[in-house]
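Asks: The following block contains the structure, expressed as structure tokens.
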Amino acid sequence: QVQLVESGGGVVQAGGSLRLTCVVSGGWFGRNPMGWYRQAPGNQRELVAGISHDGNGNYADSVKGRFTISRDNAKKTVTLQMTALKPEDTAVYYCNYGLSRFGTWGQGTQVTVSS
């Protein structure tokens with residue numbers, strides 16, 4: 001059984017940075033893509049960044065150049081480094097195993113960016 005635990009959310013001023021970490025237990029981490037999604041109140045959950053099993057990342061247009069996704073297959077972690085944060089980045093951020101809405105989700109971590 002795959003389990004994901006996110007950490008690193010918080011409150012930050014616009015222009016600031018945060019680093020989210022997702023620790024995975026179970027499953028075949030090194031063989032699966034991973035993703036970070038977010039959901040703001042009243043909005044649908046959207047893909048922020050994904051990373052292939054061998055480390056190739058892709059990003060939503062809204063975060064390109066500001067966010068960086070990375071993974072450590074030995075430690076079974078995936079990280080989202082967020083810089084130049086904007087108030088519109090405020091949301092609950094979710095780690096996803098399998099880069100699919102049908103994959104396994106973490107419990108989410110709140111990111112709040114104040115203007």
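Naming scheme: A, B, ... for chains in displayed order of the structure tokens; residues 1 onward per chain; ligands 1 onward as shown.
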Might you pull out every residue within 7 Å of segment 4-20 of chain A, with only C-alpha atoms counted and same-chain residues fewer than 5 positions away left off, and present them as a tab-separated table (two decimals) with N, CA, C and O atoms, in the first residue's frame?

Replies:
```tsv
chain	number	residue	atom	x	y	z
A	25	SER	N	6.04	5.94	1.08
A	25	SER	CA	6.30	4.61	1.59
A	25	SER	C	5.47	3.61	0.79
A	25	SER	O	4.37	3.93	0.34
A	79	THR	N	10.30	16.69	-4.20
A	79	THR	CA	10.35	18.03	-3.63
A	79	THR	C	9.88	19.05	-4.65
A	79	THR	O	10.13	18.91	-5.85
A	80	LEU	N	9.19	20.06	-4.16
A	80	LEU	CA	8.78	21.18	-5.01
A	80	LEU	C	9.35	22.45	-4.39
A	80	LEU	O	8.90	22.87	-3.31
A	81	GLN	N	10.34	23.01	-5.05
A	81	GLN	CA	10.93	24.27	-4.61
A	81	GLN	C	10.16	25.40	-5.29
A	81	GLN	O	10.09	25.46	-6.52
A	82	MET	N	9.59	26.28	-4.49
A	82	MET	CA	8.75	27.35	-5.02
A	82	MET	C	9.39	28.70	-4.68
A	82	MET	O	9.67	28.97	-3.51
A	83	THR	N	9.63	29.50	-5.69
A	83	THR	CA	10.21	30.82	-5.51
A	83	THR	C	9.31	31.88	-6.15
A	83	THR	O	8.40	31.55	-6.91
A	84	ALA	N	9.59	33.13	-5.84
A	84	ALA	CA	8.82	34.25	-6.40
A	84	ALA	C	7.33	33.99	-6.27
A	84	ALA	O	6.56	34.16	-7.23
A	85	LEU	N	6.91	33.57	-5.09
A	85	LEU	CA	5.52	33.20	-4.88
A	85	LEU	C	4.58	34.39	-5.03
A	85	LEU	O	4.94	35.53	-4.69
A	86	LYS	N	3.40	34.09	-5.55
A	86	LYS	CA	2.38	35.10	-5.79
A	86	LYS	C	1.13	34.75	-4.99
A	86	LYS	O	0.90	33.57	-4.68
A	87	PRO	N	0.29	35.75	-4.68
A	87	PRO	CA	-0.95	35.43	-3.96
A	87	PRO	C	-1.79	34.37	-4.68
A	87	PRO	O	-2.46	33.56	-4.01
A	95	CYS	N	0.65	15.98	-3.10
A	95	CYS	CA	1.58	15.09	-3.78
A	95	CYS	C	0.79	13.93	-4.37
A	95	CYS	O	-0.20	13.47	-3.78
A	105	TRP	N	-2.93	9.81	-3.38
A	105	TRP	CA	-2.76	11.20	-2.97
A	105	TRP	C	-2.29	11.30	-1.52
A	105	TRP	O	-2.63	10.46	-0.69
A	106	GLY	N	-1.54	12.37	-1.27
A	106	GLY	CA	-1.22	12.71	0.10
A	106	GLY	C	-2.38	13.49	0.71
A	106	GLY	O	-3.39	13.75	0.06
A	107	GLN	N	-2.18	13.90	1.97
A	107	GLN	CA	-3.25	14.59	2.68
A	107	GLN	C	-3.31	16.07	2.34
A	107	GLN	O	-4.30	16.74	2.63
A	108	GLY	N	-2.26	16.58	1.71
A	108	GLY	CA	-2.22	17.97	1.32
A	108	GLY	C	-1.55	18.86	2.36
A	108	GLY	O	-1.55	18.55	3.56
A	109	THR	N	-0.97	19.95	1.87
A	109	THR	CA	-0.35	20.93	2.76
A	109	THR	C	-0.72	22.33	2.26
A	109	THR	O	-0.68	22.60	1.05
A	110	GLN	N	-1.10	23.18	3.18
A	110	GLN	CA	-1.60	24.51	2.83
A	110	GLN	C	-0.45	25.47	2.56
A	110	GLN	O	0.49	25.56	3.37
A	111	VAL	N	-0.54	26.17	1.45
A	111	VAL	CA	0.38	27.26	1.12
A	111	VAL	C	-0.43	28.53	1.00
A	111	VAL	O	-1.39	28.58	0.21
A	112	THR	N	-0.06	29.54	1.77
A	112	THR	CA	-0.76	30.81	1.74
A	112	THR	C	0.25	31.92	1.45
A	112	THR	O	1.25	32.05	2.18
A	113	VAL	N	0.00	32.67	0.39
A	113	VAL	CA	0.89	33.76	0.00
A	113	VAL	C	0.15	35.07	0.21
A	113	VAL	O	-0.88	35.32	-0.42
A	114	SER	N	0.67	35.89	1.08
A	114	SER	CA	0.03	37.17	1.39
A	114	SER	C	0.63	38.28	0.52
A	114	SER	O	1.81	38.25	0.18
A	115	SER	N	-0.23	39.22	0.20
A	115	SER	CA	0.22	40.32	-0.68
A	115	SER	C	0.78	41.47	0.13
A	115	SER	O	0.69	41.51	1.34
```

Asks: Could you find all residues in chain A that DSSP calls strand (DSSP E or B) from the backbone, and write them as a ChimeraX atom specification?

Replies: /A:3-7,10-13,18-25,34-39,46-51,57-59,67-72,77-82,91-97,104-105,109-114

Asks: Would you please give, as an MDAnalysis selection string, all residues of segment 16-114 of chain A that DSSP assigns to helix (DSSP H, G or I) based on the backbone?

Replies: chainID A and resid 29:31 87:89

Asks: Can I get the selected residues back with N, CA and C atoms, as a compact mmCIF listing (two decimals), in the first residue's frame?

Replies:
```txt
# COMPACT_ATOMS: atom_id res chain seq x y z
N PHE A 29 8.46 3.27 -6.01
CA PHE A 29 8.68 4.69 -6.22
C PHE A 29 9.55 4.96 -7.44
N GLY A 30 10.67 4.27 -7.55
CA GLY A 30 11.63 4.55 -8.60
C GLY A 30 11.14 4.24 -10.01
N ARG A 31 10.01 3.58 -10.11
CA ARG A 31 9.48 3.21 -11.42
C ARG A 31 8.29 4.07 -11.84
N PRO A 87 0.29 35.75 -4.68
CA PRO A 87 -0.95 35.43 -3.96
C PRO A 87 -1.79 34.37 -4.68
N GLU A 88 -1.75 34.35 -5.99
CA GLU A 88 -2.53 33.35 -6.74
C GLU A 88 -1.98 31.94 -6.62
N ASP A 89 -0.82 31.78 -5.98
CA ASP A 89 -0.30 30.44 -5.71
C ASP A 89 -0.91 29.85 -4.43
```

Asks: Closest to Ala49 of chain A among A:Gly26, A:Ser62, A:Ala91, A:Ile69, using only C-alpha atoms?

Replies: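 Looking at the shortest contact to Ala49 of chain A, the residue is A:Ile69.
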
Asks: I'd like to know which of A:Thr68, A:Gln39, A:Asn32, A:Thr21 is closest to Ser52 of chain A, using only C-alpha atoms.

Replies: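 Under the stated criterion, the closest residue is A:Asn32.
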
Asks: Calculated over only C-alpha atoms, which of the candidates A:Thr77, A:Thr104, A:Thr90, A:Asn96 has the smallest distance to Gln1 of chain A?

Replies: A:Thr104
